[in-house]
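Below is one structure, written out as structure tokens; the observations come after it.
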Amino acid sequence: MSERFDQNDLKTAGSLPRDALTNCRKIDPTAEHVNDTRRDWQEPVPYNQHDAVECPSTMPAILEAMADGICEQVQVSKPMATMAIIGAFVSALAGKISVNIGRGWKERNCAQFIIIAAESSDRKSAVFSLATEQIMRVEQSLFEEMDRRVSQQKEEKKALEERVRYLRGVYTKAPEKERKKAKERFDEAQEIYTDFTVEVIPQFIFGDITTERATSKTYQHLERIAICSAESTTISNISGRYSKDGSVNVDFYLSGHQGEPFMVDRGDRSERLKSPSVSMLLGTQPIVVKKMAKKPELREKGFIPRALTIVHKSLTGTRKTKVEEIHKDVKEMYEGLLERCTRWRFELEERLELRLSSEALSLLDDFRAELEPKLGKNGDLEHMRDWCGKLPGALVRIAGLFHAIHDLSQYETVTEEITKDEMQAALDFAEFLTYEAKQAFDLMKQSGDESDAKKLIRWLAKKKGQTLTTREIWKANNKRFSNAGQVLKALRELEHRYYVRETPSLSRSPHPNWSVSPLLQ
């Protein structure tokens, strides 16, 4: 084998064998730091990547058609459209449905906390509007129907109150011989006043709201409300935004999710809620979900484990500009069904208790048996077993929702038995919701440097095998990074995962150069 030569050897070599010239190579001073062959690199260690799970298409048919129409018209992902639609029907129905599974297990209502995390450019407002606007039209219609009648009732109530006040004065000032008769008249007026009720003009959906106001509104609106906002501050409010000591304010919402009694006694304010129902459909930004990790009480008390959180995969950059509008018939059928569900909830005096058919119960039992080992020590879902422990209940609630929607799409009322097919349609969401929960939990435990590093990976993949300066990397990504130091932290993070490798700079720059792995995809 021919001997290899450094170029510096040419100065002393009188002659060089011709075949040796082919083996002569320039020695790079940084060669010990640079590996330009694939075998010199370890495979990059990816961040928490979970096998993507597609959003199922098992909602009732008209809901699926509407979801597809929203995806096309607004150019958003199927998960966003689907969960917004589920949130809309939860808002319409949750306070009037419960499910008795048996064996001491009962879901007292079908409330859900649905959180859709997406950037501000991802058209959450348009999606929420299309999914829920018919509920607000029903609110307006009921207001117009009831406003004059309720105004008259308020006047009558005021007159009764004045009569009670007058008769109280008569009674207290009456002579002894007239006192008994005055007392009877006062008691009668007091009873009439107490029994006289003023109808409440229903409001089904509330925007961003403080916890104290949400409690009062639930008390006023027959113990059921839904909070719906595409750019919500509700999570920040719950996280202690208005609390003097920064403590979370979540107990009311947990009671509303579970349908458990809640009592407020503050000064002259006393409110007793027997079985409240509080649902949420909240749009927010990923950074808000990430910050939830800074409030461990949100998880410890059970808010995070009860939330069905979707981390939206943005389509920005690939969205079509020429799109098809939602088909007129689809939109009319969807809005008609949503209105029917909303009015049925308003007209139904008592909460309807549903039950599972024997076949549906068997499906649920099989699912729980399969899930349980994954929650134990070293199980696949051990790290989020608090969330997974709530999943069967969430799916039962979805099954109850699908059952009510199915019946109200065909009949005037809702039958009491959830079928096998309706339970299976809900269970089909389990894998998808678990995948989305993993994304949310990963986001919550993500460090700032890790988040910045992820932003660089796609750009670096276009430069695989190259050596770049820190400044070059920063200049190409300066819209994402405010300074070279921030880029440097992200590169250090990626170096630990074998995406890049530091090489000394040959210039006077204080920052190193970086070799990019040729194995990047």
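Simple scheme: letters A, B, ... for chains in structure tokens order, numbers from 1 for residues in each chain, numbers from 1 for ligands in the order shown.
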- Just the residues within 12 Å of Arg165 of chain A, please, counting only C-alpha atoms, with nothing from its chain fewer than 4 positions along; format it as a VMD selection string. chain A and resid 158 to 161 169 to 172 185 to 187 189 to 190 193
Could you save the residues just selected, with all heavy atoms, as a compact mmCIF listing (two decimals), in the first residue's frame?
```txt
# COMPACT_ATOMS: atom_id res chain seq x y z
N LYS A 158 -91.40 42.72 41.62
CA LYS A 158 -91.07 43.95 42.35
C LYS A 158 -92.27 44.45 43.13
O LYS A 158 -92.15 44.90 44.29
CB LYS A 158 -90.61 45.01 41.35
CG LYS A 158 -90.15 46.30 42.01
CD LYS A 158 -89.65 47.28 40.95
CE LYS A 158 -89.21 48.59 41.60
NZ LYS A 158 -88.73 49.57 40.58
N ALA A 159 -93.47 44.37 42.52
CA ALA A 159 -94.69 44.80 43.21
C ALA A 159 -94.96 43.93 44.42
O ALA A 159 -95.37 44.42 45.49
CB ALA A 159 -95.88 44.77 42.24
N LEU A 160 -94.76 42.62 44.29
CA LEU A 160 -94.94 41.70 45.42
C LEU A 160 -93.96 42.00 46.54
O LEU A 160 -94.31 41.93 47.73
CB LEU A 160 -94.79 40.25 44.95
CG LEU A 160 -95.91 39.70 44.06
CD1 LEU A 160 -95.52 38.34 43.50
CD2 LEU A 160 -97.23 39.61 44.84
N GLU A 161 -92.74 42.34 46.16
CA GLU A 161 -91.73 42.67 47.16
C GLU A 161 -92.13 43.92 47.93
O GLU A 161 -92.00 43.99 49.18
CB GLU A 161 -90.38 42.89 46.47
CG GLU A 161 -89.24 43.16 47.44
CD GLU A 161 -87.91 43.39 46.72
OE1 GLU A 161 -87.93 43.60 45.48
OE2 GLU A 161 -86.87 43.37 47.39
N GLY A 169 -94.38 46.26 57.70
CA GLY A 169 -94.50 47.48 58.52
C GLY A 169 -95.82 47.53 59.25
O GLY A 169 -95.89 47.92 60.43
N VAL A 170 -96.93 47.13 58.55
CA VAL A 170 -98.25 47.11 59.18
C VAL A 170 -98.26 46.16 60.36
O VAL A 170 -98.79 46.47 61.44
CB VAL A 170 -99.33 46.72 58.15
CG1 VAL A 170 -100.68 46.49 58.85
CG2 VAL A 170 -99.47 47.81 57.09
N TYR A 171 -97.65 44.99 60.16
CA TYR A 171 -97.63 43.96 61.20
C TYR A 171 -96.85 44.44 62.43
O TYR A 171 -97.30 44.29 63.58
CB TYR A 171 -97.04 42.69 60.64
CG TYR A 171 -96.61 41.69 61.69
CD1 TYR A 171 -97.52 41.14 62.57
CD2 TYR A 171 -95.27 41.29 61.78
CE1 TYR A 171 -97.13 40.22 63.54
CE2 TYR A 171 -94.87 40.39 62.74
CZ TYR A 171 -95.79 39.85 63.62
OH TYR A 171 -95.39 38.95 64.58
N THR A 172 -95.69 45.03 62.19
CA THR A 172 -94.86 45.45 63.34
C THR A 172 -95.49 46.60 64.12
O THR A 172 -95.23 46.76 65.32
CB THR A 172 -93.46 45.87 62.85
OG1 THR A 172 -93.58 46.90 61.87
CG2 THR A 172 -92.71 44.69 62.28
N ARG A 185 -101.77 38.14 57.09
CA ARG A 185 -101.68 38.83 55.79
C ARG A 185 -100.22 38.93 55.34
O ARG A 185 -99.90 38.73 54.17
CB ARG A 185 -102.30 40.22 55.89
CG ARG A 185 -103.81 40.21 56.09
CD ARG A 185 -104.34 41.61 56.32
NE ARG A 185 -104.14 42.45 55.15
CZ ARG A 185 -104.23 43.77 55.17
NH1 ARG A 185 -104.47 44.42 56.32
NH2 ARG A 185 -104.06 44.48 54.06
N PHE A 186 -99.33 39.24 56.27
CA PHE A 186 -97.90 39.32 55.95
C PHE A 186 -97.35 37.96 55.51
O PHE A 186 -96.65 37.86 54.50
CB PHE A 186 -97.12 39.84 57.15
CG PHE A 186 -95.64 39.70 57.03
CD1 PHE A 186 -94.91 40.46 56.12
CD2 PHE A 186 -94.94 38.75 57.79
CE1 PHE A 186 -93.54 40.32 55.98
CE2 PHE A 186 -93.57 38.59 57.66
CZ PHE A 186 -92.87 39.37 56.76
N ASP A 187 -97.68 36.91 56.25
CA ASP A 187 -97.19 35.56 55.92
C ASP A 187 -97.69 35.12 54.54
O ASP A 187 -96.96 34.50 53.77
CB ASP A 187 -97.64 34.55 56.98
CG ASP A 187 -96.90 34.73 58.30
OD1 ASP A 187 -95.84 35.40 58.30
OD2 ASP A 187 -97.36 34.17 59.31
N ALA A 189 -98.55 37.08 52.00
CA ALA A 189 -97.84 37.85 50.97
C ALA A 189 -96.40 37.36 50.81
O ALA A 189 -95.87 37.27 49.69
CB ALA A 189 -97.86 39.33 51.34
N GLN A 190 -95.78 37.01 51.94
CA GLN A 190 -94.41 36.50 51.90
C GLN A 190 -94.33 35.19 51.14
O GLN A 190 -93.43 34.95 50.34
CB GLN A 190 -93.89 36.30 53.33
CG GLN A 190 -92.47 35.76 53.43
CD GLN A 190 -91.43 36.79 53.03
OE1 GLN A 190 -91.56 37.97 53.36
NE2 GLN A 190 -90.43 36.35 52.30
N TYR A 193 -94.78 35.85 47.41
CA TYR A 193 -93.54 36.43 46.87
C TYR A 193 -92.46 35.36 46.69
O TYR A 193 -91.79 35.31 45.65
CB TYR A 193 -93.04 37.51 47.82
CG TYR A 193 -91.67 38.05 47.45
CD1 TYR A 193 -91.52 38.96 46.41
CD2 TYR A 193 -90.53 37.63 48.14
CE1 TYR A 193 -90.27 39.44 46.05
CE2 TYR A 193 -89.27 38.09 47.79
CZ TYR A 193 -89.14 38.99 46.75
OH TYR A 193 -87.90 39.46 46.41
```
- Could you find all residues in segment 294-382 of chain A that DSSP calls alpha helix (DSSP H) from the backbone, and write them as an MDAnalysis selection string? chainID A and resid 296:300 303:306 328:347 358:371
Could you give me, as a CSV table (one decimal) with N, CA, C and O atoms, in the first residue's frame, the residues within 7 Å of Ile225 of chain A, counting only C-alpha atoms and dropping anything in the same chain fewer than 2 positions from it?
```
chain,number,residue,atom,x,y,z
A,204,PHE,N,-76.4,30.0,26.8
A,204,PHE,CA,-75.7,28.7,26.8
A,204,PHE,C,-74.2,28.8,26.8
A,204,PHE,O,-73.5,27.9,27.3
A,205,ILE,N,-73.7,29.8,26.1
A,205,ILE,CA,-72.3,30.0,25.9
A,205,ILE,C,-71.8,31.3,26.5
A,205,ILE,O,-72.4,32.3,26.3
A,218,THR,N,-73.5,30.2,36.6
A,218,THR,CA,-74.0,28.8,36.7
A,218,THR,C,-75.2,28.7,37.7
A,218,THR,O,-76.2,28.0,37.4
A,223,GLU,N,-77.8,25.8,36.7
A,223,GLU,CA,-76.6,25.0,37.1
A,223,GLU,C,-75.9,24.5,35.9
A,223,GLU,O,-75.3,23.4,36.0
A,227,ILE,N,-68.2,27.4,28.6
A,227,ILE,CA,-67.3,28.5,28.3
A,227,ILE,C,-66.6,28.2,27.0
A,227,ILE,O,-66.0,27.2,26.8
A,277,SER,N,-73.0,21.7,36.0
A,277,SER,CA,-72.4,21.2,34.8
A,277,SER,C,-71.6,22.4,34.1
A,277,SER,O,-72.2,23.4,33.7
A,278,VAL,N,-70.3,22.3,34.0
A,278,VAL,CA,-69.5,23.3,33.4
A,278,VAL,C,-68.6,22.7,32.3
A,278,VAL,O,-67.8,21.8,32.6
A,279,SER,N,-68.8,23.1,31.1
A,279,SER,CA,-68.0,22.6,30.0
A,279,SER,C,-67.1,23.7,29.4
A,279,SER,O,-67.4,24.9,29.6
```
- Message: Report, in Å with one decimal, the straight-line distance from atom CA of Arg224 of chain A to atom CA of Leu408 of chain A.
- Response: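 Rounded to one decimal, the two atoms are 20.1 Å apart.
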- Message: Residues near segment 362-374 of chain A, anyone? I mean within 8 Å using only C-alpha atoms, not counting same-chain ones fewer than 2 positions away, as a ChimeraX atom specification.
- Response: /A:358-360,376,378-382,392,420,423-424,427
Could the residues in this selection be written to a file with N, CA, C and O atoms, as a PDB file, in the first residue's frame?
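Ended up saving to again.pdb:
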```
ATOM      1  N   SER A 358     -75.823  -4.057  27.321  1.00  0.00           N
ATOM      2  CA  SER A 358     -74.888  -5.084  27.783  1.00  0.00           C
ATOM      3  C   SER A 358     -73.703  -5.209  26.830  1.00  0.00           C
ATOM      4  O   SER A 358     -72.558  -5.393  27.260  1.00  0.00           O
ATOM      5  N   GLU A 359     -73.965  -5.084  25.525  1.00  0.00           N
ATOM      6  CA  GLU A 359     -72.867  -5.167  24.552  1.00  0.00           C
ATOM      7  C   GLU A 359     -71.944  -3.955  24.671  1.00  0.00           C
ATOM      8  O   GLU A 359     -70.714  -4.087  24.560  1.00  0.00           O
ATOM      9  N   ALA A 360     -72.517  -2.780  24.885  1.00  0.00           N
ATOM     10  CA  ALA A 360     -71.698  -1.579  25.055  1.00  0.00           C
ATOM     11  C   ALA A 360     -70.846  -1.681  26.319  1.00  0.00           C
ATOM     12  O   ALA A 360     -69.663  -1.305  26.322  1.00  0.00           O
ATOM     13  N   GLY A 376     -49.377   0.809  34.914  1.00  0.00           N
ATOM     14  CA  GLY A 376     -48.569   0.351  36.033  1.00  0.00           C
ATOM     15  C   GLY A 376     -47.099   0.696  35.874  1.00  0.00           C
ATOM     16  O   GLY A 376     -46.680   1.362  34.919  1.00  0.00           O
ATOM     17  N   ASN A 378     -43.475   0.910  34.872  1.00  0.00           N
ATOM     18  CA  ASN A 378     -42.798   0.633  33.602  1.00  0.00           C
ATOM     19  C   ASN A 378     -43.771   0.442  32.433  1.00  0.00           C
ATOM     20  O   ASN A 378     -43.368  -0.001  31.355  1.00  0.00           O
ATOM     21  N   GLY A 379     -45.042   0.769  32.649  1.00  0.00           N
ATOM     22  CA  GLY A 379     -46.007   0.696  31.555  1.00  0.00           C
ATOM     23  C   GLY A 379     -45.829   1.849  30.591  1.00  0.00           C
ATOM     24  O   GLY A 379     -45.250   2.890  30.917  1.00  0.00           O
ATOM     25  N   ASP A 380     -46.340   1.679  29.384  1.00  0.00           N
ATOM     26  CA  ASP A 380     -46.180   2.699  28.345  1.00  0.00           C
ATOM     27  C   ASP A 380     -46.781   4.042  28.747  1.00  0.00           C
ATOM     28  O   ASP A 380     -46.327   5.099  28.289  1.00  0.00           O
ATOM     29  N   LEU A 381     -47.796   4.019  29.577  1.00  0.00           N
ATOM     30  CA  LEU A 381     -48.515   5.243  29.928  1.00  0.00           C
ATOM     31  C   LEU A 381     -48.368   5.602  31.402  1.00  0.00           C
ATOM     32  O   LEU A 381     -49.151   6.405  31.931  1.00  0.00           O
ATOM     33  N   GLU A 382     -47.360   5.052  32.051  1.00  0.00           N
ATOM     34  CA  GLU A 382     -47.170   5.312  33.481  1.00  0.00           C
ATOM     35  C   GLU A 382     -47.018   6.802  33.762  1.00  0.00           C
ATOM     36  O   GLU A 382     -47.536   7.323  34.756  1.00  0.00           O
ATOM     37  N   PRO A 392     -61.462   6.514  30.349  1.00  0.00           N
ATOM     38  CA  PRO A 392     -62.712   5.750  30.164  1.00  0.00           C
ATOM     39  C   PRO A 392     -63.959   6.588  30.433  1.00  0.00           C
ATOM     40  O   PRO A 392     -64.946   6.498  29.694  1.00  0.00           O
ATOM     41  N   LYS A 420     -74.176  -0.530  21.330  1.00  0.00           N
ATOM     42  CA  LYS A 420     -72.825  -1.049  21.100  1.00  0.00           C
ATOM     43  C   LYS A 420     -72.085  -0.186  20.080  1.00  0.00           C
ATOM     44  O   LYS A 420     -70.907   0.158  20.277  1.00  0.00           O
ATOM     45  N   MET A 423     -71.015   3.148  21.535  1.00  0.00           N
ATOM     46  CA  MET A 423     -69.877   2.993  22.443  1.00  0.00           C
ATOM     47  C   MET A 423     -68.593   2.766  21.655  1.00  0.00           C
ATOM     48  O   MET A 423     -67.544   3.336  21.976  1.00  0.00           O
ATOM     49  N   GLN A 424     -68.666   1.974  20.590  1.00  0.00           N
ATOM     50  CA  GLN A 424     -67.481   1.719  19.781  1.00  0.00           C
ATOM     51  C   GLN A 424     -67.010   2.993  19.076  1.00  0.00           C
ATOM     52  O   GLN A 424     -65.810   3.243  18.968  1.00  0.00           O
ATOM     53  N   LEU A 427     -65.074   4.803  21.642  1.00  0.00           N
ATOM     54  CA  LEU A 427     -63.811   4.123  21.951  1.00  0.00           C
ATOM     55  C   LEU A 427     -62.791   4.294  20.835  1.00  0.00           C
ATOM     56  O   LEU A 427     -61.580   4.262  21.087  1.00  0.00           O
TER      57      LEU A 427
END
```
